[in-house]
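Trainee: Contents of coords08.tsv (TSV, C-alpha atoms and all ligand atoms) are below:
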```tsv
chain	number	residue	atom	x	y	z
A	142	MET	CA	-14.17	22.67	-14.11
A	143	LYS	CA	-16.85	23.53	-11.59
A	144	VAL	CA	-16.30	21.90	-8.21
A	145	GLU	CA	-19.63	20.77	-6.79
A	146	ARG	CA	-18.65	19.19	-3.51
A	147	VAL	CA	-15.60	18.63	-1.33
A	148	GLU	CA	-15.39	15.88	1.26
A	149	LEU	CA	-12.80	15.43	3.98
A	150	HIS	CA	-12.41	11.94	5.44
A	151	ARG	CA	-10.48	11.34	8.62
A	152	LEU	CA	-9.32	7.74	9.08
A	153	ARG	CA	-7.27	5.68	11.46
A	154	MET	CA	-5.35	2.90	9.75
A	155	PRO	CA	-3.90	0.04	11.81
A	156	MET	CA	-0.30	-0.70	10.85
A	157	LYS	CA	1.04	-4.22	10.47
A	158	GLU	CA	3.91	-3.50	12.81
A	159	PRO	CA	5.15	-0.40	14.66
A	160	PHE	CA	7.35	1.87	12.51
A	161	GLU	CA	10.20	3.46	14.48
A	162	THR	CA	12.25	6.46	13.35
A	163	SER	CA	14.38	8.87	15.35
A	164	PHE	CA	11.11	10.83	15.94
A	165	GLY	CA	9.36	7.98	17.76
A	166	VAL	CA	7.16	4.96	17.06
A	167	GLU	CA	3.95	4.86	14.99
A	168	TYR	CA	1.44	2.09	15.78
A	169	ASP	CA	-1.36	3.28	13.57
A	170	LYS	CA	-1.62	6.06	11.05
A	171	SER	CA	-3.97	8.98	11.20
A	172	VAL	CA	-5.02	9.86	7.65
A	173	LEU	CA	-6.78	12.82	6.02
A	174	ILE	CA	-8.23	12.25	2.55
A	175	VAL	CA	-9.72	14.93	0.28
A	176	ALA	CA	-12.37	13.98	-2.30
A	177	ILE	CA	-13.35	16.65	-4.84
A	178	HIS	CA	-16.50	16.16	-6.92
A	179	GLY	CA	-16.92	17.92	-10.27
A	180	GLY	CA	-18.21	17.20	-13.79
A	181	GLY	CA	-19.40	13.73	-12.81
A	182	PHE	CA	-15.96	12.69	-11.52
A	183	VAL	CA	-14.32	12.42	-8.10
A	184	GLY	CA	-10.66	13.30	-7.56
A	185	LEU	CA	-8.80	11.99	-4.52
A	186	GLY	CA	-5.88	13.43	-2.60
A	187	GLU	CA	-4.12	12.51	0.63
A	188	CYS	CA	-2.57	14.80	3.20
A	189	GLY	CA	1.01	13.84	4.01
A	190	ALA	CA	0.81	15.02	7.62
A	191	ALA	CA	0.56	13.02	10.85
A	192	ASP	CA	-1.14	14.02	14.12
A	193	ASP	CA	2.15	15.30	15.53
A	194	PRO	CA	4.44	18.07	14.20
A	195	PHE	CA	7.61	15.93	14.42
A	196	TYR	CA	8.49	15.50	10.73
A	197	LEU	CA	7.44	19.02	9.75
A	198	GLU	CA	5.30	21.60	11.49
A	199	GLU	CA	1.99	20.74	9.80
A	200	THR	CA	-0.43	18.26	11.35
A	201	ASN	CA	-3.61	16.71	10.01
A	202	ALA	CA	-5.57	19.09	12.25
A	203	SER	CA	-3.75	22.19	10.96
A	204	ALA	CA	-4.16	20.97	7.38
A	205	GLU	CA	-7.87	20.37	7.93
A	206	TYR	CA	-8.19	23.93	9.25
A	207	ILE	CA	-6.44	25.45	6.22
A	208	ILE	CA	-8.40	23.26	3.80
A	209	THR	CA	-11.75	23.99	5.47
A	210	HIS	CA	-11.33	27.73	5.93
A	211	PHE	CA	-9.23	28.75	2.92
A	212	LEU	CA	-9.06	26.11	0.20
A	213	VAL	CA	-12.63	24.80	0.20
A	214	PRO	CA	-14.23	28.27	-0.14
A	215	MET	CA	-11.85	28.92	-3.07
A	216	LEU	CA	-12.72	25.58	-4.68
A	217	LEU	CA	-16.46	26.15	-4.39
A	218	SER	CA	-16.48	29.75	-5.60
A	219	THR	CA	-14.09	29.65	-8.57
A	220	GLU	CA	-13.96	27.67	-11.83
A	221	PHE	CA	-10.59	26.31	-12.95
A	222	ASP	CA	-9.57	25.25	-16.47
A	223	SER	CA	-6.46	23.40	-15.33
A	224	PRO	CA	-4.62	22.28	-12.20
A	225	GLU	CA	-2.01	24.96	-12.97
A	226	GLU	CA	-4.71	27.62	-12.75
A	227	PHE	CA	-5.79	26.24	-9.39
A	228	VAL	CA	-2.20	26.39	-8.11
A	229	ARG	CA	-1.91	30.03	-9.18
A	230	SER	CA	-5.12	30.84	-7.32
A	231	ILE	CA	-3.79	29.55	-3.98
A	232	ALA	CA	-0.28	31.01	-4.29
A	233	HIS	CA	-1.12	33.74	-1.75
A	234	ILE	CA	-1.53	31.14	1.03
A	235	ARG	CA	1.90	30.95	2.60
A	236	ARG	CA	3.53	27.64	3.51
A	237	ASN	CA	0.99	24.98	4.65
A	238	GLU	CA	2.43	22.83	1.84
A	239	MET	CA	0.77	19.61	3.00
A	240	ALA	CA	-2.71	21.13	3.12
A	241	LYS	CA	-2.27	22.64	-0.34
A	242	ALA	CA	-0.70	19.48	-1.77
A	243	ALA	CA	-3.61	17.31	-0.58
A	244	VAL	CA	-6.13	19.50	-2.39
A	245	GLU	CA	-3.94	19.99	-5.44
A	246	ALA	CA	-3.53	16.22	-5.74
A	247	ALA	CA	-7.31	15.76	-5.80
A	248	ILE	CA	-7.56	18.48	-8.47
A	249	TRP	CA	-4.96	16.71	-10.68
A	250	ASP	CA	-6.81	13.43	-10.22
A	251	LEU	CA	-10.12	15.09	-11.06
A	252	PHE	CA	-8.77	16.73	-14.25
A	253	SER	CA	-6.98	13.60	-15.46
A	254	ARG	CA	-10.11	11.51	-14.86
A	255	SER	CA	-12.25	14.04	-16.72
A	256	ARG	CA	-9.80	13.94	-19.65
A	257	GLY	CA	-9.77	10.13	-19.62
A	258	THR	CA	-5.97	10.12	-19.17
A	259	PRO	CA	-3.79	8.41	-16.56
A	260	LEU	CA	-2.26	11.07	-14.33
A	261	TYR	CA	1.28	9.89	-15.06
A	262	ARG	CA	0.78	10.63	-18.77
A	263	MET	CA	-0.83	13.99	-18.07
A	264	ILE	CA	2.27	15.11	-16.17
A	265	GLY	CA	4.66	13.84	-18.86
A	266	GLY	CA	5.75	10.57	-17.26
A	267	THR	CA	7.22	7.87	-19.48
A	268	LYS	CA	8.30	5.03	-17.18
A	269	ILE	CA	5.54	2.54	-16.46
A	270	GLU	CA	7.63	-0.04	-14.59
A	271	ILE	CA	8.67	1.60	-11.34
A	272	PRO	CA	11.64	0.08	-9.45
A	273	VAL	CA	10.84	0.10	-5.76
A	274	GLY	CA	12.93	0.50	-2.63
A	275	ILE	CA	11.92	0.08	0.97
A	276	SER	CA	12.40	2.03	4.18
A	277	VAL	CA	13.10	-0.08	7.26
A	278	GLY	CA	12.40	1.45	10.67
A	279	ILE	CA	14.79	1.15	13.60
A	280	GLN	CA	14.73	-2.46	14.84
A	281	PRO	CA	15.04	-3.62	18.47
A	282	THR	CA	18.27	-5.53	17.73
A	283	ILE	CA	20.92	-5.63	15.00
A	284	ASP	CA	20.08	-9.30	14.32
A	285	GLN	CA	16.46	-8.37	13.68
A	286	LEU	CA	17.58	-5.59	11.33
A	287	VAL	CA	19.80	-7.96	9.36
A	288	SER	CA	17.13	-10.63	9.02
A	289	LYS	CA	14.49	-8.06	8.04
A	290	VAL	CA	16.74	-6.55	5.36
A	291	ALA	CA	17.69	-10.02	4.07
A	292	GLY	CA	13.98	-10.77	3.69
A	293	TYR	CA	13.34	-7.57	1.71
A	294	LEU	CA	16.29	-8.25	-0.60
A	295	GLU	CA	14.86	-11.72	-1.20
A	296	GLN	CA	11.50	-10.15	-2.09
A	297	GLY	CA	13.27	-8.13	-4.79
A	298	TYR	CA	13.41	-4.61	-3.35
A	299	LYS	CA	15.85	-2.60	-5.44
A	300	ARG	CA	17.21	-0.46	-2.61
A	301	ILE	CA	17.15	-0.66	1.16
A	302	LYS	CA	16.95	2.42	3.34
A	303	ILE	CA	17.52	2.06	7.05
A	304	LYS	CA	16.65	4.62	9.69
A	305	ILE	CA	19.67	5.39	11.85
A	306	LYS	CA	19.97	6.85	15.30
A	307	PRO	CA	23.12	8.25	17.01
A	308	GLY	CA	25.16	5.57	18.68
A	309	LYS	CA	23.66	2.71	16.67
A	310	GLU	CA	24.57	3.76	13.11
A	311	VAL	CA	28.02	2.20	12.63
A	312	ASP	CA	26.98	-1.15	14.13
A	313	GLN	CA	23.81	-1.19	11.98
A	314	VAL	CA	25.61	-0.51	8.71
A	315	LYS	CA	28.63	-2.68	9.50
A	316	ALA	CA	26.43	-5.67	10.38
A	317	LEU	CA	24.48	-5.33	7.12
A	318	ARG	CA	27.61	-5.08	4.99
A	319	THR	CA	29.38	-7.92	6.79
A	320	THR	CA	26.41	-10.26	6.57
A	321	LEU	CA	24.70	-9.31	3.31
A	322	GLY	CA	27.48	-7.78	1.19
A	323	ASP	CA	27.35	-4.87	-1.23
A	324	PHE	CA	23.69	-4.22	-2.10
A	325	PRO	CA	22.12	-0.76	-2.67
A	326	LEU	CA	21.95	0.59	0.88
A	327	MET	CA	21.33	4.07	2.26
A	328	ALA	CA	20.76	5.57	5.69
A	329	ASP	CA	18.19	8.16	6.78
A	330	ALA	CA	19.06	10.13	9.91
A	331	ASN	CA	15.97	12.40	10.07
A	332	SER	CA	18.06	15.26	11.46
A	333	ALA	CA	19.36	13.28	14.44
A	334	TYR	CA	22.95	14.62	14.15
A	335	CYS	CA	24.82	17.93	14.30
A	336	LEU	CA	27.91	19.20	12.50
A	337	GLU	CA	30.07	18.18	15.47
A	338	ASP	CA	29.22	14.57	14.55
A	339	ALA	CA	31.06	14.93	11.20
A	340	GLU	CA	33.77	12.47	12.22
A	341	LEU	CA	31.22	9.89	13.37
A	342	LEU	CA	29.28	10.29	10.12
A	343	GLY	CA	32.56	10.08	8.19
A	344	SER	CA	33.15	6.68	9.75
A	345	LEU	CA	30.26	5.44	7.57
A	346	ASP	CA	32.22	6.38	4.40
A	347	ARG	CA	33.93	3.00	4.21
A	348	TYR	CA	30.61	1.14	3.84
A	349	ASN	CA	29.73	2.40	0.36
A	350	LEU	CA	26.33	3.83	1.23
A	351	MET	CA	24.41	5.28	-1.74
A	352	MET	CA	23.76	8.34	0.43
A	353	ILE	CA	23.05	9.59	3.90
A	354	GLU	CA	19.72	11.37	4.11
A	355	GLN	CA	19.09	14.55	6.11
A	356	PRO	CA	21.78	14.04	8.75
A	357	LEU	CA	21.53	17.60	10.14
A	358	ALA	CA	18.78	20.03	11.14
A	359	TYR	CA	15.46	19.90	9.30
A	360	ASP	CA	15.76	23.49	8.11
A	361	ASP	CA	19.51	23.67	7.52
A	362	LEU	CA	21.46	24.13	4.30
A	363	ILE	CA	24.70	25.75	5.54
A	364	ASP	CA	25.89	22.99	7.90
A	365	HIS	CA	25.00	20.32	5.34
A	366	ALA	CA	27.29	22.13	2.88
A	367	GLU	CA	30.07	22.07	5.53
A	368	LEU	CA	29.45	18.40	6.23
A	369	ALA	CA	29.57	17.59	2.49
A	370	LYS	CA	33.20	18.79	2.48
A	371	LYS	CA	34.09	16.44	5.36
A	372	ILE	CA	32.52	13.13	4.31
A	373	SER	CA	32.57	11.23	1.03
A	374	THR	CA	29.13	9.58	1.35
A	375	PRO	CA	26.77	11.68	-0.83
A	376	ILE	CA	24.26	13.78	1.11
A	377	CYS	CA	20.57	13.59	0.25
A	378	LEU	CA	18.19	16.25	1.55
A	379	ASP	CA	14.61	15.58	2.56
A	380	GLU	CA	13.17	17.95	5.21
A	381	SER	CA	15.33	20.94	4.17
A	382	ILE	CA	13.91	21.10	0.62
A	383	ARG	CA	10.46	22.71	0.86
A	384	SER	CA	10.38	24.26	-2.61
A	385	LEU	CA	12.30	24.69	-5.84
A	386	SER	CA	13.95	27.82	-4.43
A	387	HIS	CA	15.28	25.86	-1.44
A	388	LEU	CA	16.71	23.28	-3.81
A	389	ASP	CA	18.31	25.99	-5.93
A	390	ALA	CA	19.94	27.42	-2.79
A	391	ALA	CA	21.04	23.94	-1.65
A	392	VAL	CA	22.73	23.25	-4.97
A	393	ARG	CA	24.46	26.62	-5.07
A	394	LEU	CA	25.77	26.08	-1.54
A	395	GLY	CA	26.78	22.47	-2.18
A	396	SER	CA	24.46	21.11	0.54
A	397	CYS	CA	23.33	17.97	-1.31
A	398	GLN	CA	24.02	15.76	-4.31
A	399	ILE	CA	20.74	13.84	-4.16
A	400	VAL	CA	17.13	14.84	-3.47
A	401	ASN	CA	14.34	12.92	-1.77
A	402	LEU	CA	11.13	14.45	-3.10
A	403	LYS	CA	7.88	14.18	-1.18
A	404	MET	CA	5.05	15.95	-2.93
A	405	PRO	CA	3.27	16.89	0.33
A	406	ARG	CA	6.46	18.54	1.62
A	407	VAL	CA	6.94	20.77	-1.43
A	408	GLY	CA	3.28	21.74	-1.82
A	409	GLY	CA	2.07	19.49	-4.58
A	410	VAL	CA	2.38	17.96	-8.03
A	411	LEU	CA	3.27	21.14	-9.93
A	412	GLU	CA	6.15	22.15	-7.64
A	413	SER	CA	7.34	18.52	-7.80
A	414	ILE	CA	7.46	18.65	-11.59
A	415	LYS	CA	9.49	21.87	-11.41
A	416	ILE	CA	11.89	20.25	-8.93
A	417	ALA	CA	12.20	17.18	-11.17
A	418	ASN	CA	13.04	19.37	-14.17
A	419	PHE	CA	15.61	21.26	-12.10
A	420	CYS	CA	17.25	18.01	-10.94
A	421	ALA	CA	17.43	16.70	-14.50
A	422	GLY	CA	19.02	19.96	-15.65
A	423	ALA	CA	21.52	20.09	-12.78
A	424	GLY	CA	22.42	16.38	-12.99
A	425	LEU	CA	21.16	15.61	-9.48
A	426	ASP	CA	19.88	12.18	-8.61
A	427	LEU	CA	16.25	12.23	-7.50
A	428	TRP	CA	13.91	9.73	-5.88
A	429	CYS	CA	10.47	9.76	-4.32
A	430	GLY	CA	10.13	9.43	-0.57
A	431	GLY	CA	7.10	8.39	1.41
A	432	LEU	CA	5.10	9.46	4.45
A	433	LEU	CA	3.41	6.14	5.28
A	434	GLU	CA	0.67	6.97	2.78
A	435	THR	CA	-2.38	4.85	2.10
A	436	GLY	CA	-2.97	3.58	-1.43
A	437	VAL	CA	-4.16	7.06	-2.44
A	438	GLY	CA	-0.92	8.90	-1.65
A	439	ARG	CA	1.10	5.89	-2.78
A	440	ALA	CA	-0.52	6.04	-6.23
A	441	PHE	CA	0.53	9.70	-6.58
A	442	ASN	CA	4.08	8.81	-5.55
A	443	LEU	CA	4.23	6.13	-8.23
A	444	ALA	CA	2.80	8.50	-10.85
A	445	ILE	CA	5.41	11.21	-10.18
A	446	THR	CA	8.18	8.59	-10.25
A	447	SER	CA	7.25	7.91	-13.89
A	448	LEU	CA	9.10	11.14	-14.78
A	449	ASP	CA	12.55	10.49	-16.27
A	450	ALA	CA	14.17	12.78	-13.69
A	451	PHE	CA	13.56	10.14	-10.99
A	452	THR	CA	16.81	8.23	-11.28
A	453	LEU	CA	16.82	6.10	-8.12
A	454	PRO	CA	14.29	3.68	-6.54
A	455	GLY	CA	12.00	5.42	-4.04
A	456	ASP	CA	10.13	4.52	-0.85
A	457	THR	CA	7.14	3.40	-2.87
A	458	ALA	CA	6.73	-0.09	-1.42
A	459	PRO	CA	3.36	-1.84	-1.75
A	460	SER	CA	0.98	-0.77	1.01
A	461	GLU	CA	0.66	-4.35	2.28
A	462	ARG	CA	4.16	-3.81	3.66
A	463	TYR	CA	2.72	-1.24	6.11
A	464	PHE	CA	-1.05	-1.70	6.43
A	465	VAL	CA	-3.32	-4.58	7.36
A	466	ARG	CA	-5.75	-3.48	4.62
A	467	ASP	CA	-5.66	-0.58	2.20
A	468	ILE	CA	-8.56	1.78	1.54
A	469	VAL	CA	-8.23	1.58	-2.25
A	470	ASP	CA	-9.50	-0.95	-4.78
A	471	ARG	CA	-6.13	-1.33	-6.49
A	472	PRO	CA	-3.40	-1.22	-3.83
A	473	ALA	CA	0.10	-0.94	-5.26
A	474	GLU	CA	1.63	-4.39	-5.58
A	475	PHE	CA	4.62	-5.93	-7.31
A	476	SER	CA	4.08	-6.90	-10.95
A	477	SER	CA	7.47	-8.62	-10.73
A	478	PRO	CA	9.91	-8.66	-7.80
A	479	GLY	CA	10.79	-5.06	-6.87
A	480	ILE	CA	8.69	-3.55	-9.69
A	481	ILE	CA	5.27	-1.86	-9.58
A	482	SER	CA	3.53	-1.29	-12.94
A	483	LEU	CA	1.51	1.88	-13.35
A	484	SER	CA	-2.19	1.62	-14.03
A	485	GLU	CA	-3.59	2.81	-17.35
A	486	ARG	CA	-6.82	3.84	-15.66
A	487	PRO	CA	-7.76	7.51	-16.04
A	488	GLY	CA	-6.63	9.61	-13.10
A	489	VAL	CA	-4.24	8.48	-10.41
A	490	GLY	CA	-5.49	4.93	-10.86
A	491	VAL	CA	-7.22	4.10	-7.58
A	492	ASP	CA	-10.72	4.40	-6.12
A	493	PHE	CA	-11.91	3.82	-2.58
A	494	ASP	CA	-12.62	0.31	-1.44
A	495	PRO	CA	-15.92	1.27	0.28
A	496	SER	CA	-15.94	-1.41	2.97
A	497	THR	CA	-12.37	-0.73	4.18
A	498	LEU	CA	-12.98	2.99	4.06
A	499	GLN	CA	-16.05	2.51	6.26
A	500	ASP	CA	-14.17	0.33	8.75
A	501	TYR	CA	-11.39	2.86	9.28
A	502	LEU	CA	-13.45	6.03	9.05
A	503	VAL	CA	-13.32	8.33	12.08
A	504	ALA	CA	-15.31	11.25	10.66
A	505	SER	CA	-16.34	12.83	7.35
A	506	THR	CA	-17.21	16.42	6.54
A	507	SER	CA	-18.90	17.54	3.33
A	508	PHE	CA	-18.92	21.04	1.82
A	509	GLY	CA	-21.02	22.41	-1.03
B	601	MG	MG	13.73	11.16	5.31
```
Before we go any further, please render this structure as structure tokens.

Mentor:
Amino acid sequence: MKVERVELHRLRMPMKEPFETSFGVEYDKSVLIVAIHGGGFVGLGECGAADDPFYLEETNASAEYIITHFLVPMLLSTEFDSPEEFVRSIAHIRRNEMAKAAVEAAIWDLFSRSRGTPLYRMIGGTKIEIPVGISVGIQPTIDQLVSKVAGYLEQGYKRIKIKIKPGKEVDQVKALRTTLGDFPLMADANSAYCLEDAELLGSLDRYNLMMIEQPLAYDDLIDHAELAKKISTPICLDESIRSLSHLDAAVRLGSCQIVNLKMPRVGGVLESIKIANFCAGAGLDLWCGGLLETGVGRAFNLAITSLDAFTLPGDTAPSERYFVRDIVDRPAEFSSPGIISLSERPGVGVDFDPSTLQDYLVASTSFG
């Protein structure tokens, strides 16, 4: 495949309502989209970063720098016969997983379009009906949290994840269990706790949570392994797993029983497939997280979830849950309550909706 042109689109997407986590509140989402032209096709990819370095260290600006100065020159000067070959050619660029994943995604889309195959089939996926969970941000009051979660359960979501913050967690979980009973519920702490909080976190054990996600530091494995010995709620790691080798270390240490996979965090589709295979072999539960993606990133998340190794519903809710309008022509939506069906279109299954793209566009840069 000869890449003829690469475009970077920077967008600002208004959100339906502010999304609060322990990092802060997001009112609109800054988005970086990569479009790679080659062989008469266009492949799309989305950068998982935000404008701030609060989830991980990369930002959209740092990703744009790495893409512009290191990945684009590589794309325009080298021919690739497969996405795997492309991944090998950028292996010398250290870290910067989100920048690499955005470009790699567009390459996978481009190759699967050129082969006339849906991406999910090209990567070996088999599930076409994807059960969907939802992530609920921190709400101003417990009553608002309960009524919001009740609404999502009514809409058919297969699993509810709430964001928790120190001091509020027990009241949040207790209120949900008391009012709504025993539905699939998990809590994401986004590293808001430390090992000294083990007793507090242990007080959540009685509420039958599916898991607690990333309670401790974003780069820790050791303390999570200690915590796992002190609480019975399974631990899921998100931020700490940046690659297959991190996951291998986490499993050997006993730091987690469940993995939240985000392709941008681990550097792309290929590393995600390796992690999925590892989880299947090790008997770990796996699900796909989200980074408030537009319909482009969301379509990739759904495609990877088609792999058998993804055993639990992910944060792959329809984009109408988060955005006023999506930038794609086929935004993910329920085919039945709590289920999204994968598209049989070649590639990742979405194209730009030109008018929405235009409305939200901040700037575009074209190379080649
Ligand atoms: Mg998380």

Trainee: Measure the distance from atom CA of A:Val314 to atom CA of A:Leu341 in Å and round it to one decimal.

Mentor: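 One can read the atom CA of A:Val314 to atom CA of A:Leu341 distance as 12.7 Å.
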
Trainee: Do you know which residues are within 6 Å of ligand MG 601 (chain B) using only C-alpha atoms and all ligand atoms? Can you write them as a list in words?

Mentor: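 The distance check yields Asp329, Asn331 and Asp379 of chain A.
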
Trainee: Taking only C-alpha atoms into account, which of A:Gly278, A:Gly438, A:Gly184, A:Pro356 comes nearest A:Glu167?

Mentor: A:Gly278

Trainee: Env of A:Leu433: 12 Å cut, atoms = only C-alpha atoms, seq-sep filter 6 positions within chain, self excluded. Answer as a PyMOL selection string.

Mentor: chain A and resi 154-157+159-162+167-172+187-191+196+275-278+403+405+439+442+456-464+467

Trainee: Using all atoms listed in the file, find the one residue out of A:Asp361, A:Val166, A:Leu197, A:Pro224 that sits nearest to A:Leu260.

Mentor: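 Checking each of A:Asp361, A:Val166, A:Leu197, A:Pro224 against A:Leu260, counting all atoms listed in the file, the winner is A:Pro224.
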
Trainee: Using only C-alpha atoms, which of A:Asp364, A:Asp492, A:Asp222, A:Glu145 sits nearest A:Gly181?

Mentor: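 Closest candidate: A:Glu145.
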
Trainee: Tell me, as a list of chain:residue names, which residues lie within 10 Å of A:Glu238, counting all atoms listed in the file; anything in the same chain fewer than 4 positions away does not count.

Mentor: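 Once the nearby chain positions are removed, what remains is A:Cys188, A:Gly189, A:Ala190, A:Glu199, A:Ala204, A:Ile234, A:Ala242, A:Ala243, A:Arg383, A:Ser384, A:Met404, A:Pro405, A:Arg406, A:Val407, A:Gly408, A:Gly409.
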
Trainee: For stretch 298-312 of chain A, find every residue with an atom within 10 Å (counting only C-alpha atoms), except residues of its own chain fewer than 6 positions away, and show them as a ChimeraX atom specification.

Mentor: /A:161-164,272-280,282-283,286,290-292,318,324-334,338,341-342,344-345,348,350-354,356,453-456,458,475,478-480

Trainee: For A:Thr435, which residue out of A:Val400, A:Leu357, A:Cys335, A:Leu498 is the nearest one, using only C-alpha atoms?

Mentor: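 Distance minimum relative to A:Thr435 lands on A:Leu498.
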
Trainee: Residues proximal to (18.1, 19.7, -11.2) were defined as those with any atom within 10 Å of that point in the file's coordinates, counting all atoms listed in the file. Which are they, as a PyMOL selection string?

Mentor: chain A and resi 385+388-389+392+398-400+415-427+450

Trainee: How many Å separate atom CA of A:Leu402 from atom CA of A:Tyr206?

Mentor: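 Interatomic distance here is 24.8 Å.
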
Trainee: Nearest to A:Val175: which of A:Val244, A:Arg471, A:Ala369, A:Asp193 is it, counting all atoms listed in the file?

Mentor: A:Val244

Trainee: Could you tell me how far atom CA of A:Ile376 sits from atom CA of A:Val437, in Å to one decimal place?

Mentor: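 Separation between atom CA of A:Val437 and atom CA of A:Ile376: 29.4 Å.
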